[in-house]
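Notes to accompany the following structure.
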Amino acid sequence: TLAVLKGFSTHGLTWFPKYVNQGLFRQISSEWNTNLIRLAMYSYDYCNGNKKKNLEILEKGVEFAIANDMYVIIDWHILQDNNPNENLAEAIDFFNKIAKKYANIPNVIFEICNEPNGNTTWDDIKEYSNLIIPVIRRYNPDALILVGTPNYSREIQFPAKDPLEFKNVMYVFHFYAASHKDDFRQKLRKVVASGTPIFITESGLCEEDGDGHIDLESVKKWYSLADSLHLNYTIWSLSNKDETCAIVN
Ligand code: IDC
């Protein structure tokens with residue numbers, strides 16, 4: 001049978017550490033039937049904050065995910081730092097640490113750049129990936145590695161034409177149902193049909209800024225499309241931030 005991974009993404013771990021708790025992870029795994037959790041480590045905050053403390057939150061999240069039989073995405077959440085090469089040295093150090101710590105643990109999935117944006121091109125992302133992926137592969141020869149795509153992980157046509165030369169890599173697509181409609185769904189269908197491996201590491205029921213209205217009609221279309229294409233996804237976010245994408249209020 002085909003395994004499909006579904007679950008939630010946390011909000012920024014360093015802002016909402018209380019959601020990294022054993023009881024909640026047990027609940028979303030066993031009562032809500034999710035088998036995936038994404039841990040969003042905002043790279044900007046990691047690089048400019050208390051690294052040791054931030055890593056401790058992440059490590060607790062990985063521990064609770066494994067204890068509850070879930071897959072876990074360790075997400076290097078670039079956003080304000082719009083090009084992953086901006087904090088390259090920090091990224092190498094981060095992935096070296098965590099890849100070593102979680103060497104060959106099958107639950108762990110590595111997401112190396114959340115949403116490249118601004119002027120960041122697919123060539124920039126390839127350059128970064130060609131440096132970061134070997135750091136992870138040194139300890140995890142078979143781990144699944146997820147690579148963000150230009151313009152907030154929407155432009156999956158680039159890797160479709162010009163993929164990386166590594167095995168067990170998937171490309172990241174994000175959608176927010178109230179902002180992204182049929183033209184985006186059509187693009188996703190086309191790229192998936194071309195055989196390009198796509199992983200939806202983040203999606204939302206609301207508008208693309210994480211707030212605004214929820215579009216239930218588009219929501220239904222998106223998740224039935226994801227299901228029909230057997231795509232893995234997470235929903236943003238497992239938090240109570242005052243915005244419509246937050247699932248706790
Ligand atoms: C957003 C938060 C928003 C915050 C911003 C920057 O919702 O309040 O100001 O981060 O820290 C994404 C990003 C994710 C966003 C999320 C929803 O990956 O970090 O969170 N979103 O806005 N891409 C599209 C939407």
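Here, A, B, ... name the chains of the structure tokens in the order displayed, residue numbers run from 1 inside each chain, and ligands are numbered from 1 in the same displayed order.
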For Glu208 in chain A: contacts at 10 Å, only C-alpha atoms, fewer than 2 positions along chain excluded, given as a list in words: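 Result of the neighbour search: Tyr152, His174, Phe175, Tyr176, Ala177, Ala178, Ser179, His180, Ser203, Gly204, Leu205, Cys206, Gly210, Asp211, Gly212 and Cys245 of chain A.
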Hey, can you spit out that residue selection with N, CA, C and O atoms as a compact mmCIF listing (two decimals), in the first residue's frame?
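Saved result, part.txt, follows:
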```txt
# COMPACT_ATOMS: atom_id res chain seq x y z
N TYR A 152 8.24 31.63 -2.61
CA TYR A 152 7.50 31.04 -1.50
C TYR A 152 7.07 29.59 -1.77
O TYR A 152 5.96 29.18 -1.42
N HIS A 174 3.79 24.89 -1.63
CA HIS A 174 2.90 25.43 -0.59
C HIS A 174 1.70 26.09 -1.24
O HIS A 174 1.84 26.76 -2.27
N PHE A 175 0.53 25.93 -0.61
CA PHE A 175 -0.64 26.70 -1.07
C PHE A 175 -1.43 27.21 0.12
O PHE A 175 -1.38 26.64 1.21
N TYR A 176 -2.12 28.30 -0.10
CA TYR A 176 -3.08 28.85 0.85
C TYR A 176 -4.40 28.99 0.09
O TYR A 176 -4.50 29.75 -0.87
N ALA A 177 -5.39 28.23 0.55
CA ALA A 177 -6.60 27.98 -0.27
C ALA A 177 -7.36 29.24 -0.66
O ALA A 177 -7.95 29.28 -1.74
N ALA A 178 -7.37 30.25 0.21
CA ALA A 178 -8.17 31.44 -0.11
C ALA A 178 -7.45 32.34 -1.12
O ALA A 178 -8.08 33.23 -1.71
N SER A 179 -6.17 32.15 -1.34
CA SER A 179 -5.42 32.98 -2.29
C SER A 179 -5.11 32.23 -3.58
O SER A 179 -4.99 32.85 -4.64
N HIS A 180 -4.90 30.94 -3.49
CA HIS A 180 -4.41 30.17 -4.65
C HIS A 180 -5.52 29.27 -5.14
O HIS A 180 -6.09 28.50 -4.37
N SER A 203 0.49 24.19 4.10
CA SER A 203 -0.68 24.64 3.37
C SER A 203 -1.61 25.30 4.36
O SER A 203 -1.48 25.10 5.57
N GLY A 204 -2.54 26.10 3.83
CA GLY A 204 -3.44 26.81 4.74
C GLY A 204 -4.83 26.90 4.16
O GLY A 204 -5.03 26.86 2.94
N LEU A 205 -5.80 27.05 5.05
CA LEU A 205 -7.20 27.16 4.65
C LEU A 205 -7.55 28.61 4.30
O LEU A 205 -8.59 28.88 3.71
N CYS A 206 -6.66 29.53 4.67
CA CYS A 206 -6.94 30.96 4.61
C CYS A 206 -6.12 31.62 3.50
O CYS A 206 -5.75 30.97 2.53
N GLY A 210 -1.45 33.98 5.96
CA GLY A 210 -1.78 33.25 7.18
C GLY A 210 -3.01 33.79 7.90
O GLY A 210 -3.40 33.28 8.94
N ASP A 211 -3.62 34.80 7.30
CA ASP A 211 -4.77 35.43 7.95
C ASP A 211 -5.87 35.63 6.90
O ASP A 211 -5.81 35.09 5.81
N GLY A 212 -6.89 36.43 7.23
CA GLY A 212 -7.96 36.69 6.27
C GLY A 212 -8.98 35.57 6.26
O GLY A 212 -9.01 34.75 7.17
N CYS A 245 -5.21 31.17 10.35
CA CYS A 245 -4.60 29.86 10.07
C CYS A 245 -4.34 29.07 11.34
O CYS A 245 -4.08 27.86 11.27
```
Residue neighbourhood range 226-237 of chain A, 8 Å, only C-alpha atoms, exclusion window fewer than 3 positions, as a ChimeraX atom specification: /A:4-11,36-38,189,192,198-204,222-223,245-247
Atomic distance CA of Tyr71 in chain A - CA of Cys113 in chain A, expressed in Å with one decimal: 18.3 Å
Counting only C-alpha atoms, the residue of A:Gln157, A:Ser224, A:Ser129, A:Thr14 that sits nearest Ala40 in chain A: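 Result for the nearest residue to Ala40 in chain A: A:Thr14.
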Strand (DSSP E) per DSSP on the backbone: members of range 63-187 of chain A, as a PyMOL selection string: chain A and resi 71-77+108-111+145-147+169-176
Apply DSSP to the structure's backbone, then extract all residues of range 15-183 of chain A labelled helix (DSSP H, G or I) and return them as an mmCIF file with N, CA and C atoms, in the first residue's frame.
```cif
data_model
loop_
_atom_site.group_PDB
_atom_site.id
_atom_site.type_symbol
_atom_site.label_atom_id
_atom_site.label_comp_id
_atom_site.auth_asym_id
_atom_site.auth_seq_id
_atom_site.Cartn_x
_atom_site.Cartn_y
_atom_site.Cartn_z
ATOM 1 N N PRO A 17 6.737 27.562 21.999
ATOM 2 C CA PRO A 17 7.334 26.304 22.484
ATOM 3 C C PRO A 17 6.343 25.441 23.263
ATOM 4 N N LYS A 18 5.276 26.060 23.779
ATOM 5 C CA LYS A 18 4.368 25.248 24.614
ATOM 6 C C LYS A 18 3.620 24.195 23.812
ATOM 7 N N TYR A 19 3.576 24.365 22.486
ATOM 8 C CA TYR A 19 2.908 23.346 21.669
ATOM 9 C C TYR A 19 3.779 22.124 21.440
ATOM 10 N N GLN A 22 4.342 16.482 24.995
ATOM 11 C CA GLN A 22 4.068 15.061 24.800
ATOM 12 C C GLN A 22 2.563 14.779 24.690
ATOM 13 N N GLY A 23 1.772 15.419 25.564
ATOM 14 C CA GLY A 23 0.328 15.159 25.571
ATOM 15 C C GLY A 23 -0.322 15.561 24.257
ATOM 16 N N LEU A 24 0.059 16.717 23.743
ATOM 17 C CA LEU A 24 -0.515 17.193 22.482
ATOM 18 C C LEU A 24 -0.079 16.300 21.318
ATOM 19 N N PHE A 25 1.187 15.930 21.298
ATOM 20 C CA PHE A 25 1.662 15.075 20.203
ATOM 21 C C PHE A 25 0.952 13.720 20.249
ATOM 22 N N ARG A 26 0.705 13.216 21.454
ATOM 23 C CA ARG A 26 -0.014 11.948 21.587
ATOM 24 C C ARG A 26 -1.435 12.114 21.027
ATOM 25 N N GLN A 27 -2.048 13.255 21.364
ATOM 26 C CA GLN A 27 -3.416 13.500 20.905
ATOM 27 C C GLN A 27 -3.508 13.624 19.377
ATOM 28 N N ILE A 28 -2.610 14.401 18.793
ATOM 29 C CA ILE A 28 -2.721 14.558 17.329
ATOM 30 C C ILE A 28 -2.357 13.265 16.607
ATOM 31 N N SER A 29 -1.529 12.452 17.211
ATOM 32 C CA SER A 29 -1.193 11.180 16.585
ATOM 33 C C SER A 29 -2.322 10.162 16.758
ATOM 34 N N SER A 30 -2.773 9.958 17.992
ATOM 35 C CA SER A 30 -3.693 8.837 18.188
ATOM 36 C C SER A 30 -5.154 9.231 18.050
ATOM 37 N N GLU A 31 -5.537 10.438 18.451
ATOM 38 C CA GLU A 31 -6.955 10.794 18.351
ATOM 39 C C GLU A 31 -7.286 11.449 17.019
ATOM 40 N N SER A 43 14.915 30.194 10.647
ATOM 41 C CA SER A 43 16.378 30.288 10.602
ATOM 42 C C SER A 43 16.854 31.653 11.108
ATOM 43 N N TYR A 44 16.084 32.692 10.772
ATOM 44 C CA TYR A 44 16.478 34.035 11.204
ATOM 45 C C TYR A 44 16.534 34.107 12.729
ATOM 46 N N ASP A 45 15.524 33.533 13.369
ATOM 47 C CA ASP A 45 15.474 33.577 14.834
ATOM 48 C C ASP A 45 16.489 32.641 15.461
ATOM 49 N N TYR A 46 16.691 31.494 14.827
ATOM 50 C CA TYR A 46 17.711 30.572 15.305
ATOM 51 C C TYR A 46 19.085 31.246 15.268
ATOM 52 N N CYS A 47 19.402 31.851 14.139
ATOM 53 C CA CYS A 47 20.731 32.447 13.962
ATOM 54 C C CYS A 47 20.951 33.636 14.894
ATOM 55 N N ASN A 48 19.868 34.356 15.194
ATOM 56 C CA ASN A 48 20.003 35.550 16.022
ATOM 57 C C ASN A 48 19.562 35.338 17.469
ATOM 58 N N LYS A 51 20.902 29.655 20.474
ATOM 59 C CA LYS A 51 20.897 28.421 19.666
ATOM 60 C C LYS A 51 20.691 27.175 20.511
ATOM 61 N N LYS A 52 21.326 27.179 21.666
ATOM 62 C CA LYS A 52 21.252 25.985 22.501
ATOM 63 C C LYS A 52 19.809 25.747 22.940
ATOM 64 N N LYS A 53 19.170 26.840 23.384
ATOM 65 C CA LYS A 53 17.784 26.733 23.842
ATOM 66 C C LYS A 53 16.857 26.353 22.678
ATOM 67 N N ASN A 54 17.093 26.978 21.541
ATOM 68 C CA ASN A 54 16.250 26.699 20.376
ATOM 69 C C ASN A 54 16.384 25.245 19.920
ATOM 70 N N LEU A 55 17.608 24.746 19.978
ATOM 71 C CA LEU A 55 17.824 23.338 19.606
ATOM 72 C C LEU A 55 17.138 22.395 20.580
ATOM 73 N N GLU A 56 17.116 22.783 21.851
ATOM 74 C CA GLU A 56 16.465 21.934 22.853
ATOM 75 C C GLU A 56 14.979 21.771 22.556
ATOM 76 N N ILE A 57 14.333 22.863 22.119
ATOM 77 C CA ILE A 57 12.897 22.776 21.791
ATOM 78 C C ILE A 57 12.703 21.824 20.608
ATOM 79 N N LEU A 58 13.543 22.011 19.598
ATOM 80 C CA LEU A 58 13.473 21.158 18.409
ATOM 81 C C LEU A 58 13.673 19.687 18.778
ATOM 82 N N GLU A 59 14.660 19.431 19.617
ATOM 83 C CA GLU A 59 14.983 18.047 19.976
ATOM 84 C C GLU A 59 13.849 17.403 20.762
ATOM 85 N N LYS A 60 13.194 18.208 21.600
ATOM 86 C CA LYS A 60 12.026 17.677 22.319
ATOM 87 C C LYS A 60 10.940 17.293 21.317
ATOM 88 N N GLY A 61 10.740 18.159 20.320
ATOM 89 C CA GLY A 61 9.726 17.876 19.292
ATOM 90 C C GLY A 61 10.021 16.586 18.558
ATOM 91 N N VAL A 62 11.272 16.378 18.198
ATOM 92 C CA VAL A 62 11.638 15.143 17.487
ATOM 93 C C VAL A 62 11.396 13.943 18.403
ATOM 94 N N GLU A 63 11.788 14.095 19.649
ATOM 95 C CA GLU A 63 11.614 12.996 20.614
ATOM 96 C C GLU A 63 10.127 12.624 20.766
ATOM 97 N N PHE A 64 9.266 13.624 20.928
ATOM 98 C CA PHE A 64 7.831 13.352 21.115
ATOM 99 C C PHE A 64 7.216 12.774 19.839
ATOM 100 N N ALA A 65 7.678 13.242 18.687
ATOM 101 C CA ALA A 65 7.157 12.705 17.425
ATOM 102 C C ALA A 65 7.499 11.220 17.309
ATOM 103 N N ILE A 66 8.747 10.882 17.596
ATOM 104 C CA ILE A 66 9.169 9.486 17.491
ATOM 105 C C ILE A 66 8.408 8.634 18.516
ATOM 106 N N ALA A 67 8.275 9.172 19.735
ATOM 107 C CA ALA A 67 7.576 8.429 20.793
ATOM 108 C C ALA A 67 6.130 8.149 20.398
ATOM 109 N N PRO A 84 18.397 31.169 0.757
ATOM 110 C CA PRO A 84 19.009 30.246 1.734
ATOM 111 C C PRO A 84 20.513 30.409 1.848
ATOM 112 N N ASN A 85 21.132 31.014 0.828
ATOM 113 C CA ASN A 85 22.587 31.226 0.894
ATOM 114 C C ASN A 85 22.975 32.336 1.872
ATOM 115 N N GLU A 86 21.965 33.108 2.321
ATOM 116 C CA GLU A 86 22.244 34.214 3.245
ATOM 117 C C GLU A 86 22.846 33.720 4.566
ATOM 118 N N ASN A 87 22.293 32.644 5.090
ATOM 119 C CA ASN A 87 22.816 32.083 6.340
ATOM 120 C C ASN A 87 23.425 30.708 6.092
ATOM 121 N N LEU A 88 24.202 30.629 5.030
ATOM 122 C CA LEU A 88 24.765 29.336 4.607
ATOM 123 C C LEU A 88 25.604 28.667 5.692
ATOM 124 N N ALA A 89 26.509 29.423 6.304
ATOM 125 C CA ALA A 89 27.399 28.820 7.306
ATOM 126 C C ALA A 89 26.588 28.276 8.479
ATOM 127 N N GLU A 90 25.561 29.029 8.882
ATOM 128 C CA GLU A 90 24.697 28.594 9.987
ATOM 129 C C GLU A 90 23.908 27.354 9.588
ATOM 130 N N ALA A 91 23.453 27.337 8.349
ATOM 131 C CA ALA A 91 22.680 26.176 7.869
ATOM 132 C C ALA A 91 23.556 24.931 7.860
ATOM 133 N N ILE A 92 24.785 25.074 7.407
ATOM 134 C CA ILE A 92 25.697 23.923 7.393
ATOM 135 C C ILE A 92 25.912 23.412 8.813
ATOM 136 N N ASP A 93 26.138 24.336 9.732
ATOM 137 C CA ASP A 93 26.361 23.956 11.122
ATOM 138 C C ASP A 93 25.116 23.263 11.703
ATOM 139 N N PHE A 94 23.941 23.832 11.435
ATOM 140 C CA PHE A 94 22.677 23.276 11.932
ATOM 141 C C PHE A 94 22.461 21.860 11.397
ATOM 142 N N PHE A 95 22.570 21.707 10.078
ATOM 143 C CA PHE A 95 22.293 20.386 9.499
ATOM 144 C C PHE A 95 23.365 19.368 9.870
ATOM 145 N N ASN A 96 24.578 19.834 10.061
ATOM 146 C CA ASN A 96 25.612 18.922 10.513
ATOM 147 C C ASN A 96 25.258 18.371 11.899
ATOM 148 N N LYS A 97 24.839 19.276 12.789
ATOM 149 C CA LYS A 97 24.466 18.859 14.152
ATOM 150 C C LYS A 97 23.287 17.895 14.143
ATOM 151 N N ILE A 98 22.206 18.283 13.472
ATOM 152 C CA ILE A 98 21.002 17.450 13.592
ATOM 153 C C ILE A 98 21.104 16.179 12.767
ATOM 154 N N ALA A 99 21.819 16.244 11.647
ATOM 155 C CA ALA A 99 21.952 15.028 10.833
ATOM 156 C C ALA A 99 22.765 13.991 11.596
ATOM 157 N N LYS A 100 23.740 14.472 12.339
ATOM 158 C CA LYS A 100 24.565 13.577 13.151
ATOM 159 C C LYS A 100 23.731 12.999 14.300
ATOM 160 N N LYS A 101 22.989 13.879 14.950
ATOM 161 C CA LYS A 101 22.179 13.450 16.095
ATOM 162 C C LYS A 101 21.114 12.425 15.677
ATOM 163 N N TRP A 122 16.038 29.550 -8.882
ATOM 164 C CA TRP A 122 16.240 28.102 -8.739
ATOM 165 C C TRP A 122 17.733 27.771 -8.759
ATOM 166 N N ASP A 123 18.518 28.523 -9.518
ATOM 167 C CA ASP A 123 19.971 28.305 -9.516
ATOM 168 C C ASP A 123 20.565 28.559 -8.130
ATOM 169 N N ASP A 124 20.092 29.609 -7.451
ATOM 170 C CA ASP A 124 20.569 29.869 -6.076
ATOM 171 C C ASP A 124 20.242 28.679 -5.180
ATOM 172 N N ILE A 125 19.030 28.179 -5.327
ATOM 173 C CA ILE A 125 18.580 27.076 -4.463
ATOM 174 C C ILE A 125 19.376 25.808 -4.775
ATOM 175 N N LYS A 126 19.661 25.597 -6.051
ATOM 176 C CA LYS A 126 20.467 24.427 -6.431
ATOM 177 C C LYS A 126 21.874 24.514 -5.847
ATOM 178 N N GLU A 127 22.425 25.702 -5.915
ATOM 179 C CA GLU A 127 23.768 25.904 -5.378
ATOM 180 C C GLU A 127 23.795 25.566 -3.874
ATOM 181 N N TYR A 128 22.793 26.082 -3.175
ATOM 182 C CA TYR A 128 22.661 25.813 -1.731
ATOM 183 C C TYR A 128 22.457 24.312 -1.478
ATOM 184 N N SER A 129 21.539 23.712 -2.222
ATOM 185 C CA SER A 129 21.219 22.293 -2.025
ATOM 186 C C SER A 129 22.446 21.416 -2.272
ATOM 187 N N ASN A 130 23.219 21.775 -3.275
ATOM 188 C CA ASN A 130 24.404 20.975 -3.598
ATOM 189 C C ASN A 130 25.446 21.021 -2.485
ATOM 190 N N LEU A 131 25.362 22.031 -1.623
ATOM 191 C CA LEU A 131 26.256 22.102 -0.465
ATOM 192 C C LEU A 131 25.643 21.440 0.769
ATOM 193 N N ILE A 132 24.347 21.645 0.983
ATOM 194 C CA ILE A 132 23.700 21.159 2.213
ATOM 195 C C ILE A 132 23.404 19.655 2.161
ATOM 196 N N ILE A 133 22.941 19.181 1.019
ATOM 197 C CA ILE A 133 22.530 17.775 0.949
ATOM 198 C C ILE A 133 23.680 16.827 1.315
ATOM 199 N N PRO A 134 24.899 17.057 0.839
ATOM 200 C CA PRO A 134 25.999 16.164 1.257
ATOM 201 C C PRO A 134 26.274 16.195 2.758
ATOM 202 N N VAL A 135 26.003 17.323 3.405
ATOM 203 C CA VAL A 135 26.186 17.411 4.867
ATOM 204 C C VAL A 135 25.228 16.426 5.545
ATOM 205 N N ILE A 136 23.993 16.373 5.057
ATOM 206 C CA ILE A 136 22.988 15.467 5.630
ATOM 207 C C ILE A 136 23.298 14.013 5.241
ATOM 208 N N ARG A 137 23.668 13.831 3.988
ATOM 209 C CA ARG A 137 23.929 12.480 3.460
ATOM 210 C C ARG A 137 25.111 11.782 4.144
ATOM 211 N N PRO A 150 11.361 28.470 -5.706
ATOM 212 C CA PRO A 150 11.293 29.939 -5.716
ATOM 213 C C PRO A 150 9.886 30.497 -5.427
ATOM 214 N N ASN A 151 9.871 31.775 -5.069
ATOM 215 C CA ASN A 151 8.612 32.501 -4.840
ATOM 216 C C ASN A 151 7.720 31.791 -3.818
ATOM 217 N N TYR A 152 8.244 31.626 -2.609
ATOM 218 C CA TYR A 152 7.500 31.036 -1.497
ATOM 219 C C TYR A 152 7.068 29.592 -1.769
ATOM 220 N N SER A 153 7.955 28.857 -2.408
ATOM 221 C CA SER A 153 7.692 27.437 -2.703
ATOM 222 C C SER A 153 6.416 27.242 -3.522
ATOM 223 N N GLN A 157 7.705 24.330 -11.208
ATOM 224 C CA GLN A 157 8.057 24.019 -12.605
ATOM 225 C C GLN A 157 9.576 24.031 -12.810
ATOM 226 N N PHE A 158 10.307 24.762 -11.943
ATOM 227 C CA PHE A 158 11.777 24.803 -12.125
ATOM 228 C C PHE A 158 12.432 23.441 -11.875
ATOM 229 N N PRO A 159 12.217 22.828 -10.689
ATOM 230 C CA PRO A 159 12.811 21.493 -10.513
ATOM 231 C C PRO A 159 12.253 20.460 -11.489
ATOM 232 N N ALA A 160 11.017 20.683 -11.964
ATOM 233 C CA ALA A 160 10.471 19.725 -12.938
ATOM 234 C C ALA A 160 11.341 19.704 -14.195
ATOM 235 N N LYS A 161 11.850 20.880 -14.574
ATOM 236 C CA LYS A 161 12.683 20.975 -15.785
ATOM 237 C C LYS A 161 14.139 20.680 -15.489
ATOM 238 N N ASP A 182 -7.573 27.743 -9.092
ATOM 239 C CA ASP A 182 -7.473 26.739 -10.162
ATOM 240 C C ASP A 182 -6.162 26.772 -10.937
ATOM 241 N N ASP A 183 -5.625 27.967 -11.193
ATOM 242 C CA ASP A 183 -4.375 28.002 -11.977
ATOM 243 C C ASP A 183 -3.234 27.313 -11.213
#
```
Minimum-distance residue to ligand 1, chosen among A:Ile145, A:Ile78, A:Ile156, A:Val108 (using only C-alpha atoms and all ligand atoms):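 With only C-alpha atoms and all ligand atoms as the atom set, the closest residue is A:Ile78.
For the set A:Asn21, A:Asp162, A:Val147, A:Glu207, the residue with the smallest atom-to-atom gap to ligand 1 is A:Glu207, counting only C-alpha atoms and all ligand atoms.
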